[in-house]
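Here is query-v1.cif, consisting of mmCIF, C-alpha atoms and all ligand atoms:
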data_target
loop_
_atom_site.label_atom_id
_atom_site.label_comp_id
_atom_site.auth_asym_id
_atom_site.auth_seq_id
_atom_site.Cartn_x
_atom_site.Cartn_y
_atom_site.Cartn_z
CA MET A 1 217.11 201.31 117.01
CA TYR A 2 213.69 202.52 115.82
CA ARG A 3 215.33 205.47 114.14
CA ALA A 4 217.51 203.05 112.21
CA VAL A 5 214.58 200.86 111.11
CA VAL A 6 211.54 203.11 110.77
CA GLY A 7 211.75 204.94 107.49
CA GLU A 8 214.57 202.68 106.30
CA LYS A 9 213.76 201.84 102.67
CA ASP A 10 216.50 199.29 102.22
CA TYR A 11 215.43 195.90 103.61
CA ARG A 12 219.08 194.84 103.98
CA LYS A 13 219.95 197.82 106.17
CA ALA A 14 216.73 197.39 108.19
CA ALA A 15 217.50 193.69 108.80
CA TRP A 16 221.00 194.55 110.00
CA ALA A 17 219.75 197.39 112.20
CA VAL A 18 217.39 195.00 114.03
CA LYS A 19 220.19 192.47 114.44
CA ASN A 20 222.82 195.03 115.47
CA ALA A 21 220.53 196.56 118.10
CA GLY A 22 220.55 193.20 119.85
CA TYR A 23 216.87 192.37 119.23
CA ALA A 24 217.67 189.06 117.58
CA THR A 25 219.36 186.19 119.41
CA ASP A 26 220.14 184.25 116.24
CA PRO A 27 223.62 185.38 115.08
CA LYS A 28 222.49 184.78 111.49
CA TYR A 29 219.24 186.75 111.94
CA ALA A 30 219.97 189.45 109.36
CA GLU A 31 221.25 187.04 106.69
CA LYS A 32 218.22 184.77 107.24
CA LEU A 33 215.73 187.64 107.06
CA ILE A 34 217.37 189.00 103.91
CA GLY A 35 217.30 185.46 102.46
CA VAL A 36 213.55 185.09 103.19
CA ILE A 37 212.82 188.45 101.56
CA GLU A 38 214.85 187.62 98.47
CA THR A 39 213.83 183.98 97.93
CA ASN A 40 210.15 184.96 98.16
CA ASN A 41 210.68 188.07 96.04
CA LEU A 42 208.97 190.17 98.73
CA THR A 43 210.56 193.37 97.43
CA LYS A 44 207.79 193.38 94.77
CA TYR A 45 205.54 194.79 97.53
CA ASP A 46 207.84 197.79 97.99
CA VAL A 47 205.92 200.93 97.18
CA ASN A 48 207.26 204.08 95.66
CA THR A 49 210.83 202.91 95.43
CA LYS A 50 211.35 205.18 92.45
CA GLY A 51 214.06 207.66 93.24
CA VAL A 52 214.76 206.09 96.61
CA ASP A 53 218.39 205.29 97.26
CA LEU A 54 218.56 201.55 97.82
CA ASP A 55 222.28 201.31 97.31
CA LEU A 56 224.70 200.33 100.00
CA ARG A 57 227.33 203.05 100.34
CA ILE A 58 230.86 201.97 101.20
CA ALA A 59 233.64 204.48 101.89
CA ILE A 60 237.19 203.23 101.34
CA ASP A 61 240.06 205.07 102.99
CA ALA A 62 243.78 204.59 102.29
CA GLY A 63 245.65 205.86 105.37
CA HIS A 64 248.16 208.76 105.14
CA GLY A 65 249.86 210.32 102.08
CA ASN A 66 252.92 209.31 100.12
CA ASN A 67 255.19 211.73 102.00
CA THR A 68 253.67 211.49 105.48
CA PRO A 69 256.65 211.51 107.89
CA GLY A 70 257.44 208.16 109.48
CA LYS A 71 254.85 206.15 107.56
CA ARG A 72 257.35 204.00 105.68
CA ALA A 73 259.61 200.94 105.92
CA PRO A 74 262.75 201.47 108.11
CA ASP A 75 264.93 201.49 104.95
CA ASP A 76 262.35 203.63 103.07
CA SER A 77 262.05 200.93 100.42
CA MET A 78 258.25 201.29 100.65
CA ARG A 79 255.87 204.04 101.74
CA GLU A 80 252.83 202.90 103.74
CA PHE A 81 250.53 204.98 101.52
CA HIS A 82 251.54 203.06 98.47
CA PHE A 83 250.43 199.74 99.97
CA ASN A 84 247.26 201.33 101.38
CA SER A 85 246.26 203.06 98.14
CA VAL A 86 246.88 200.08 95.85
CA VAL A 87 244.82 197.81 98.13
CA ALA A 88 242.13 200.53 98.24
CA LYS A 89 242.12 200.65 94.43
CA TYR A 90 241.69 196.86 94.21
CA VAL A 91 238.91 196.96 96.84
CA VAL A 92 237.02 199.62 94.84
CA GLU A 93 237.40 197.65 91.59
CA GLU A 94 236.18 194.45 93.26
CA LEU A 95 233.22 196.15 95.00
CA ARG A 96 232.03 197.49 91.65
CA THR A 97 231.38 193.88 90.55
CA TYR A 98 228.60 193.64 93.19
CA GLN A 99 224.95 194.66 92.82
CA GLY A 100 223.54 197.71 94.58
CA VAL A 101 226.85 199.07 95.90
CA LEU A 102 228.16 202.63 95.65
CA VAL A 103 231.82 203.23 96.49
CA GLU A 104 233.60 206.46 97.43
CA ILE A 105 237.20 207.05 98.49
CA THR A 106 238.21 209.52 101.20
CA HIS A 107 241.96 209.79 100.42
CA ASP A 108 243.86 211.54 97.63
CA PRO A 109 244.73 208.68 95.24
CA SER A 110 247.79 210.58 93.94
CA GLY A 111 249.20 210.52 97.49
CA ILE A 112 250.37 214.14 97.14
CA ARG A 113 247.97 215.39 99.82
CA ASP A 114 247.64 213.57 103.15
CA ILE A 115 243.96 214.44 103.57
CA PRO A 116 243.34 215.56 107.19
CA LEU A 117 241.38 212.98 109.20
CA LYS A 118 238.46 215.35 109.82
CA GLU A 119 238.09 215.95 106.09
CA ARG A 120 237.99 212.19 105.52
CA THR A 121 235.31 211.49 108.15
CA ASP A 122 233.28 214.60 107.19
CA LYS A 123 233.18 213.34 103.61
CA ALA A 124 232.00 209.85 104.61
CA ASN A 125 229.35 211.30 106.97
CA ARG A 126 228.07 213.83 104.43
CA TRP A 127 227.88 211.17 101.72
CA GLY A 128 225.82 208.94 104.04
CA ALA A 129 228.18 205.97 103.97
CA ASP A 130 226.87 202.73 105.49
CA ALA A 131 230.36 201.37 106.08
CA PHE A 132 233.86 202.84 106.30
CA VAL A 133 237.03 200.80 105.84
CA SER A 134 240.42 202.38 106.51
CA ILE A 135 243.37 200.43 105.07
CA HIS A 136 246.84 200.48 106.71
CA ALA A 137 250.13 198.64 107.16
CA ASN A 138 251.47 198.38 110.71
CA ALA A 139 254.74 199.39 112.39
CA VAL A 140 256.08 199.32 115.94
CA GLY A 141 258.47 202.22 115.38
CA SER A 142 261.10 203.38 112.91
CA ALA A 143 263.53 200.44 113.42
CA TRP A 144 263.28 196.82 112.28
CA SER A 145 261.23 194.57 114.56
CA ASN A 146 259.89 191.04 114.92
CA ALA A 147 256.28 192.15 115.30
CA ASN A 148 254.00 190.27 112.95
CA GLY A 149 250.43 189.52 111.98
CA ILE A 150 247.18 191.23 111.06
CA GLU A 151 244.72 193.10 113.28
CA THR A 152 241.45 194.98 112.75
CA TYR A 153 240.26 197.88 114.90
CA VAL A 154 236.82 199.16 115.96
CA TYR A 155 236.00 202.13 118.20
CA THR A 156 236.32 201.67 121.98
CA SER A 157 232.52 201.52 122.48
CA LYS A 158 232.51 198.36 120.31
CA PRO A 159 229.57 199.29 118.05
CA ALA A 160 227.80 196.01 117.19
CA GLY A 161 227.75 196.58 113.43
CA ALA A 162 231.44 197.50 113.31
CA VAL A 163 232.41 194.50 115.46
CA ALA A 164 230.42 192.16 113.19
CA LEU A 165 232.10 193.64 110.10
CA ALA A 166 235.57 193.64 111.67
CA THR A 167 235.21 189.99 112.73
CA LYS A 168 234.32 188.94 109.17
CA VAL A 169 237.08 190.99 107.52
CA GLN A 170 239.71 189.85 110.03
CA ALA A 171 238.75 186.17 109.54
CA ALA A 172 238.91 186.55 105.75
CA LEU A 173 242.34 188.28 105.92
CA ILE A 174 243.79 185.51 108.10
CA ALA A 175 242.26 182.75 105.96
CA SER A 176 243.67 184.15 102.72
CA THR A 177 247.11 185.34 103.90
CA GLY A 178 247.92 182.76 106.58
CA LEU A 179 249.53 185.46 108.73
CA ARG A 180 249.23 185.51 112.53
CA ASP A 181 245.78 186.47 113.84
CA ARG A 182 246.19 189.42 116.25
CA GLY A 183 242.42 189.67 116.49
CA VAL A 184 239.81 192.43 116.53
CA LYS A 185 240.93 195.27 118.82
CA VAL A 186 239.54 198.58 120.06
CA ALA A 187 241.17 202.01 119.66
CA ASN A 188 240.17 205.63 120.01
CA PHE A 189 241.19 206.49 116.42
CA HIS A 190 239.68 209.59 114.81
CA VAL A 191 238.32 207.68 111.78
CA LEU A 192 236.57 205.18 114.07
CA ARG A 193 235.28 207.77 116.56
CA GLU A 194 234.04 210.49 114.18
CA THR A 195 232.34 208.29 111.57
CA LYS A 196 228.58 207.79 111.89
CA MET A 197 228.54 204.37 110.23
CA ASP A 198 230.09 200.92 110.79
CA ALA A 199 233.77 201.83 110.72
CA ILE A 200 236.79 199.54 110.83
CA LEU A 201 240.55 200.01 110.40
CA VAL A 202 242.66 197.11 109.10
CA GLU A 203 246.42 196.71 109.70
CA CYS A 204 247.53 194.24 107.03
CA GLY A 205 251.00 193.30 108.38
CA PHE A 206 254.16 194.99 109.68
CA MET A 207 256.34 197.20 107.46
CA ASP A 208 259.17 196.98 109.99
CA ASN A 209 259.28 193.17 109.83
CA PRO A 210 261.47 192.24 106.81
CA ALA A 211 259.43 189.15 105.86
CA GLU A 212 256.10 190.96 106.07
CA LEU A 213 257.52 194.01 104.26
CA ALA A 214 258.36 191.73 101.30
CA LEU A 215 254.72 190.59 101.28
CA LEU A 216 253.38 194.15 101.59
CA LYS A 217 255.43 195.12 98.51
CA SER A 218 254.05 192.30 96.37
CA ASP A 219 251.09 192.76 94.07
CA SER A 220 249.69 189.29 94.78
CA TYR A 221 249.60 189.98 98.54
CA ARG A 222 247.90 193.34 97.95
CA ARG A 223 245.23 191.62 95.84
CA LYS A 224 244.75 188.94 98.50
CA CYS A 225 244.16 191.62 101.15
CA ALA A 226 241.72 193.49 98.91
CA GLN A 227 239.73 190.36 98.11
CA ALA A 228 239.57 189.42 101.80
CA ILE A 229 238.28 192.89 102.74
CA VAL A 230 235.60 192.70 100.03
CA SER A 231 234.57 189.17 101.01
CA GLY A 232 234.09 190.37 104.61
CA LEU A 233 231.95 193.28 103.38
CA ALA A 234 229.96 190.97 101.08
CA LYS A 235 229.24 188.60 103.97
CA GLN A 236 228.26 191.38 106.34
CA PHE A 237 225.83 193.06 103.95
CA GLY A 238 224.65 190.02 101.97
CA LEU A 239 226.07 191.40 98.72
CA LYS A 240 225.55 189.57 95.45
CA LYS A 241 227.72 189.68 92.34
CA LYS A 242 226.30 191.52 89.34
CA SER A 243 225.03 189.06 86.78
CA GLY A 244 226.89 188.95 83.50
CA VAL A 245 230.17 190.06 85.04
CA VAL A 246 232.86 188.03 83.36
CA ALA A 247 236.40 187.79 84.60
CA PRO A 248 238.68 190.01 82.49
CA THR A 249 240.52 187.93 79.93
CA VAL A 250 244.19 188.47 79.27
CA PRO A 251 244.61 189.49 75.62
CA LYS A 252 246.83 187.28 73.51
CA GLU A 253 250.18 188.83 72.67
CA GLU A 254 251.09 188.94 68.99
CA SER A 255 254.79 188.46 69.65
CA SER A 256 256.52 186.04 72.00
CA VAL A 257 257.43 188.96 74.30
CA ASP A 258 254.92 189.41 77.12
CA LYS A 259 254.71 193.19 77.66
CA ASN A 260 253.01 192.57 81.02
CA LYS A 261 256.01 190.80 82.57
CA PRO A 262 259.30 192.55 83.38
CA SER A 263 262.50 191.09 81.91
CA ALA A 264 264.59 189.09 84.35
CA TRP A 265 267.38 191.69 84.35
CA ALA A 266 264.95 194.54 85.15
CA LYS A 267 262.59 192.77 87.57
CA LYS A 268 264.21 193.96 90.83
CA ASP A 269 264.29 197.61 89.75
CA TRP A 270 260.80 197.41 88.26
CA ASP A 271 259.33 195.93 91.50
CA GLU A 272 261.06 198.60 93.58
CA ALA A 273 259.78 201.41 91.32
CA VAL A 274 256.23 199.98 91.58
CA ALA A 275 256.48 199.53 95.38
CA ASN A 276 257.48 203.18 95.67
CA GLY A 277 254.60 204.38 93.55
CA TYR A 278 256.46 205.59 90.47
CA PHE A 279 254.69 203.12 88.16
CA ASP A 280 251.30 201.43 88.58
CA GLY A 281 252.70 197.95 87.91
CA THR A 282 251.18 197.44 84.46
CA ARG A 283 252.91 196.92 81.07
CA PRO A 284 256.59 196.93 82.20
CA GLN A 285 257.86 196.27 78.66
CA ASP A 286 255.61 198.79 76.90
CA ASN A 287 256.76 202.15 75.48
CA ILE A 288 256.24 205.23 77.66
CA THR A 289 254.22 208.19 76.31
CA ARG A 290 255.02 211.87 76.99
CA GLU A 291 252.07 212.17 79.40
CA GLU A 292 253.04 209.00 81.31
CA MET A 293 256.56 210.41 81.57
CA ALA A 294 255.13 213.62 83.05
CA VAL A 295 253.30 211.62 85.74
CA VAL A 296 256.47 209.71 86.70
CA VAL A 297 258.62 212.86 86.75
CA ASN A 298 256.11 214.61 89.00
CA ARG A 299 255.93 211.66 91.40
CA LEU A 300 259.71 211.75 91.70
CA ARG A 301 259.72 215.53 92.11
CA ASN A 302 257.06 215.39 94.85
CA ASN A 303 259.12 212.82 96.75
CA LEU A 304 262.36 214.77 96.42
CA LEU A 305 261.12 218.29 97.25
CA PRO A 306 260.54 217.59 101.00
CA LEU A 307 264.07 216.12 101.24
CA ILE A 308 265.67 219.13 99.52
CA TYR A 309 263.86 221.69 101.69
CA LYS A 310 264.10 219.72 104.93
CA LYS A 311 265.25 221.99 107.74
ZN ZN B 401 248.84 203.70 108.96
#

Turn this file's structure into structure tokens for me.
Amino acid sequence: MYRAVVGEKDYRKAAWAVKNAGYATDPKYAEKLIGVIETNNLTKYDVNTKGVDLDLRIAIDAGHGNNTPGKRAPDDSMREFHFNSVVAKYVVEELRTYQGVLVEITHDPSGIRDIPLKERTDKANRWGADAFVSIHANAVGSAWSNANGIETYVYTSKPAGAVALATKVQAALIASTGLRDRGVKVANFHVLRETKMDAILVECGFMDNPAELALLKSDSYRRKCAQAIVSGLAKQFGLKKKSGVVAPTVPKEESSVDKNKPSAWAKKDWDEAVANGYFDGTRPQDNITREEMAVVVNRLRNNLLPLIYKK
């Protein structure tokens, strides 16, 4: 505990270290202490903060790669990585609207490489992450099932900081999605065991349950999950929004055609192409450039090559 507090230059981390070590009986101890420090502007007494890293470092991890065997819907209408990576992207975007937060990802956003687990945890450890969130979609096996709901994992030793974070993220996910609460669970997963910071792994619904698969494919559900994960992180670490951040405004279209909405006749195919990672979901009615075409062709090629050369 002393190692976590003595020498700690970030009052938020120090407050949480005291709380997480079990020295405070008040469950809101860290939030209250941080509140006292901030309302009384006590950080003005900080000495020599120049050059000291006061930022909270959050590592975001999208599980698997686009072609990882087995990690897909039973009918292969969606790859798990695509859900994971889009939610991860939304989480990163949302976290950047908060003060004093640095974000790093530990997966390959193109999905081409399924980064080995050791490489992911080494990166988070080396970077000095304060929190690690691994994003997944669940499955019982390779056939359709009735399994349902959301669950969040921490390591088997139940580290206090990770449990506190997992509890907040799980509650936010259930509140915003309305899916069944499977609770906070423990598992001996590599990313939970080998990370030196508060690490959690979220399973945002079952790919092998047809109703939940439909949700996992939808952009609105992905955004809901991302916002819930960020609100759990914000609660845990007392994060505050950057001032002057305005919500992005949708530009007015000159013509009556909304380029950002697919035509009725193309909607099914467009949604399927987005769910499978060929397009990023933006501007369905816009023209395609040569470089965008190259990206799509390569995504298709990378998905087909393993099938062609399968033994
Ligand atoms: Zn997974």

Next on the checklist: Quick check, in Å to one decimal: how far apart do CA of Asp208 (chain A) and CA of Val91 (chain A) lie?
Outcome noted: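 So the two atoms, CA of Asp208 (chain A) and CA of Val91 (chain A), lie 24.2 Å apart.
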
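Taking all atoms listed in the file into account, Ala14 (chain A) lies nearest to A:Phe237 out of the set A:Arg193, A:Ala88, A:Pro109, A:Phe237.
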
Checklist entry - What do you get as a PyMOL selection string if you pick all residues at most 10 Å from ligand ZN 401 (chain B), counting all atoms listed in the file? => result chain A and resi 62-65+68+70-72+80-81+83-84+134-139+201-204

Now that the selection is made, can you save its residues with C-alpha atoms as a compact mmCIF listing (two decimals), keeping the file's coordinate frame?
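That gives us out33.txt:
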# COMPACT_ATOMS: atom_id res chain seq x y z
CA ALA A 62 243.78 204.59 102.29
CA GLY A 63 245.65 205.86 105.37
CA HIS A 64 248.16 208.76 105.14
CA GLY A 65 249.86 210.32 102.08
CA THR A 68 253.67 211.49 105.48
CA GLY A 70 257.44 208.16 109.48
CA LYS A 71 254.85 206.15 107.56
CA ARG A 72 257.35 204.00 105.68
CA GLU A 80 252.83 202.90 103.74
CA PHE A 81 250.53 204.98 101.52
CA PHE A 83 250.43 199.74 99.97
CA ASN A 84 247.26 201.33 101.38
CA SER A 134 240.42 202.38 106.51
CA ILE A 135 243.37 200.43 105.07
CA HIS A 136 246.84 200.48 106.71
CA ALA A 137 250.13 198.64 107.16
CA ASN A 138 251.47 198.38 110.71
CA ALA A 139 254.74 199.39 112.39
CA LEU A 201 240.55 200.01 110.40
CA VAL A 202 242.66 197.11 109.10
CA GLU A 203 246.42 196.71 109.70
CA CYS A 204 247.53 194.24 107.03

Next on the checklist: Just to confirm, what's the straight-line distance from CA of Pro210 (chain A) to CA of Ser77 (chain A) in Å (one decimal)?
Outcome noted: 10.8 Å

Next on the checklist: So that I can check the surroundings of Ala175 (chain A), please list as a ChimeraX atom specification every protein, DNA and RNA residue that reaches within 12 Å of it, counting all atoms listed in the file and ignoring chain neighbours fewer than 3 positions away.
Outcome noted: /A:150,168-172,178-181,224-225,227-229,231-232

Generate a file of the selected residues that holds C-alpha atoms, formatted as an mmCIF file, in the frame of the given file.
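Written out: selection-v2.cif:
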data_model
loop_
_atom_site.group_PDB
_atom_site.id
_atom_site.type_symbol
_atom_site.label_atom_id
_atom_site.label_comp_id
_atom_site.auth_asym_id
_atom_site.auth_seq_id
_atom_site.Cartn_x
_atom_site.Cartn_y
_atom_site.Cartn_z
ATOM 1 C CA ILE A 150 247.180 191.230 111.060
ATOM 2 C CA LYS A 168 234.320 188.940 109.170
ATOM 3 C CA VAL A 169 237.080 190.990 107.520
ATOM 4 C CA GLN A 170 239.710 189.850 110.030
ATOM 5 C CA ALA A 171 238.750 186.170 109.540
ATOM 6 C CA ALA A 172 238.910 186.550 105.750
ATOM 7 C CA GLY A 178 247.920 182.760 106.580
ATOM 8 C CA LEU A 179 249.530 185.460 108.730
ATOM 9 C CA ARG A 180 249.230 185.510 112.530
ATOM 10 C CA ASP A 181 245.780 186.470 113.840
ATOM 11 C CA LYS A 224 244.750 188.940 98.500
ATOM 12 C CA CYS A 225 244.160 191.620 101.150
ATOM 13 C CA GLN A 227 239.730 190.360 98.110
ATOM 14 C CA ALA A 228 239.570 189.420 101.800
ATOM 15 C CA ILE A 229 238.280 192.890 102.740
ATOM 16 C CA SER A 231 234.570 189.170 101.010
ATOM 17 C CA GLY A 232 234.090 190.370 104.610
#

Next on the checklist: Given only C-alpha atoms as the basis, pick out the residue of A:Val230, A:Leu304, A:Gly141, A:Ala73 nearest to Ala211 (chain A).
Outcome noted: A:Ala73

Item to check | Nearest residue to Ala162 (chain A) from the set A:Asn125, A:Asn148, A:Gln236, A:Asn67 (distances using only C-alpha atoms) | outcome: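 That would be A:Gln236, the residue with the smallest distance to Ala162 (chain A).
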
Next on the checklist: One decimal, in Å: what's the spacing between CA of Lys242 (chain A) and CA of Val133 (chain A)?
Outcome noted: 21.8 Å

Item to check | Which residue of A:Gly183, A:Pro159, A:Gly149, A:Pro284 approaches Asn209 (chain A) most closely, using all atoms listed in the file | outcome: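 So, comparing all the options, the nearest one is A:Gly149.
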
Next on the checklist: If we count only C-alpha atoms and set the cut-off at 9 Å, which residues sit around Asn66 (chain A), ignoring sequence neighbours fewer than 5 positions away in its own chain? Please answer as a PyMOL selection string.
Outcome noted: chain A and resi 71-72+79-82+110-114+276-277+303

Item to check | Best match for closeness to Arg283 (chain A) among A:Trp270, A:Tyr221, A:Tyr23, A:Phe132, counting only C-alpha atoms | outcome: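 Going through A:Trp270, A:Tyr221, A:Tyr23, A:Phe132 one by one, the smallest distance to Arg283 (chain A) is for A:Trp270.
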
Dig up all the protein and nucleic acid residues within 12 Å of (255.7, 193.8, 80.6) in the file frame, using all atoms listed in the file, and format them as a PDB file with C-alpha atoms, in the frame of the given file.
ATOM      1  CA  GLU A 253     250.180 188.830  72.670  1.00  0.00           C
ATOM      2  CA  SER A 256     256.520 186.040  72.000  1.00  0.00           C
ATOM      3  CA  VAL A 257     257.430 188.960  74.300  1.00  0.00           C
ATOM      4  CA  ASP A 258     254.920 189.410  77.120  1.00  0.00           C
ATOM      5  CA  LYS A 259     254.710 193.190  77.660  1.00  0.00           C
ATOM      6  CA  ASN A 260     253.010 192.570  81.020  1.00  0.00           C
ATOM      7  CA  LYS A 261     256.010 190.800  82.570  1.00  0.00           C
ATOM      8  CA  PRO A 262     259.300 192.550  83.380  1.00  0.00           C
ATOM      9  CA  SER A 263     262.500 191.090  81.910  1.00  0.00           C
ATOM     10  CA  ALA A 264     264.590 189.090  84.350  1.00  0.00           C
ATOM     11  CA  ALA A 266     264.950 194.540  85.150  1.00  0.00           C
ATOM     12  CA  LYS A 267     262.590 192.770  87.570  1.00  0.00           C
ATOM     13  CA  TRP A 270     260.800 197.410  88.260  1.00  0.00           C
ATOM     14  CA  ASP A 271     259.330 195.930  91.500  1.00  0.00           C
ATOM     15  CA  ASP A 280     251.300 201.430  88.580  1.00  0.00           C
ATOM     16  CA  GLY A 281     252.700 197.950  87.910  1.00  0.00           C
ATOM     17  CA  THR A 282     251.180 197.440  84.460  1.00  0.00           C
ATOM     18  CA  ARG A 283     252.910 196.920  81.070  1.00  0.00           C
ATOM     19  CA  PRO A 284     256.590 196.930  82.200  1.00  0.00           C
ATOM     20  CA  GLN A 285     257.860 196.270  78.660  1.00  0.00           C
ATOM     21  CA  ASP A 286     255.610 198.790  76.900  1.00  0.00           C
ATOM     22  CA  ASN A 287     256.760 202.150  75.480  1.00  0.00           C
ATOM     23  CA  ILE A 288     256.240 205.230  77.660  1.00  0.00           C
TER      24      ILE A 288
END

Item to check | Selection near Lys123 (chain A), 12 Å with all atoms listed in the file, sequence-local residues under 6 positions removed, as a ChimeraX atom specification | outcome: /A:58-61,104-107,115-117,129,132,191,194-196

Item to check | Nearest residue to Thr167 (chain A) from the set A:Trp127, A:Trp16, A:Tyr153, A:Phe206 (distances using all atoms listed in the file) | outcome: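 Closest to Thr167 (chain A) of all the choices is A:Tyr153.
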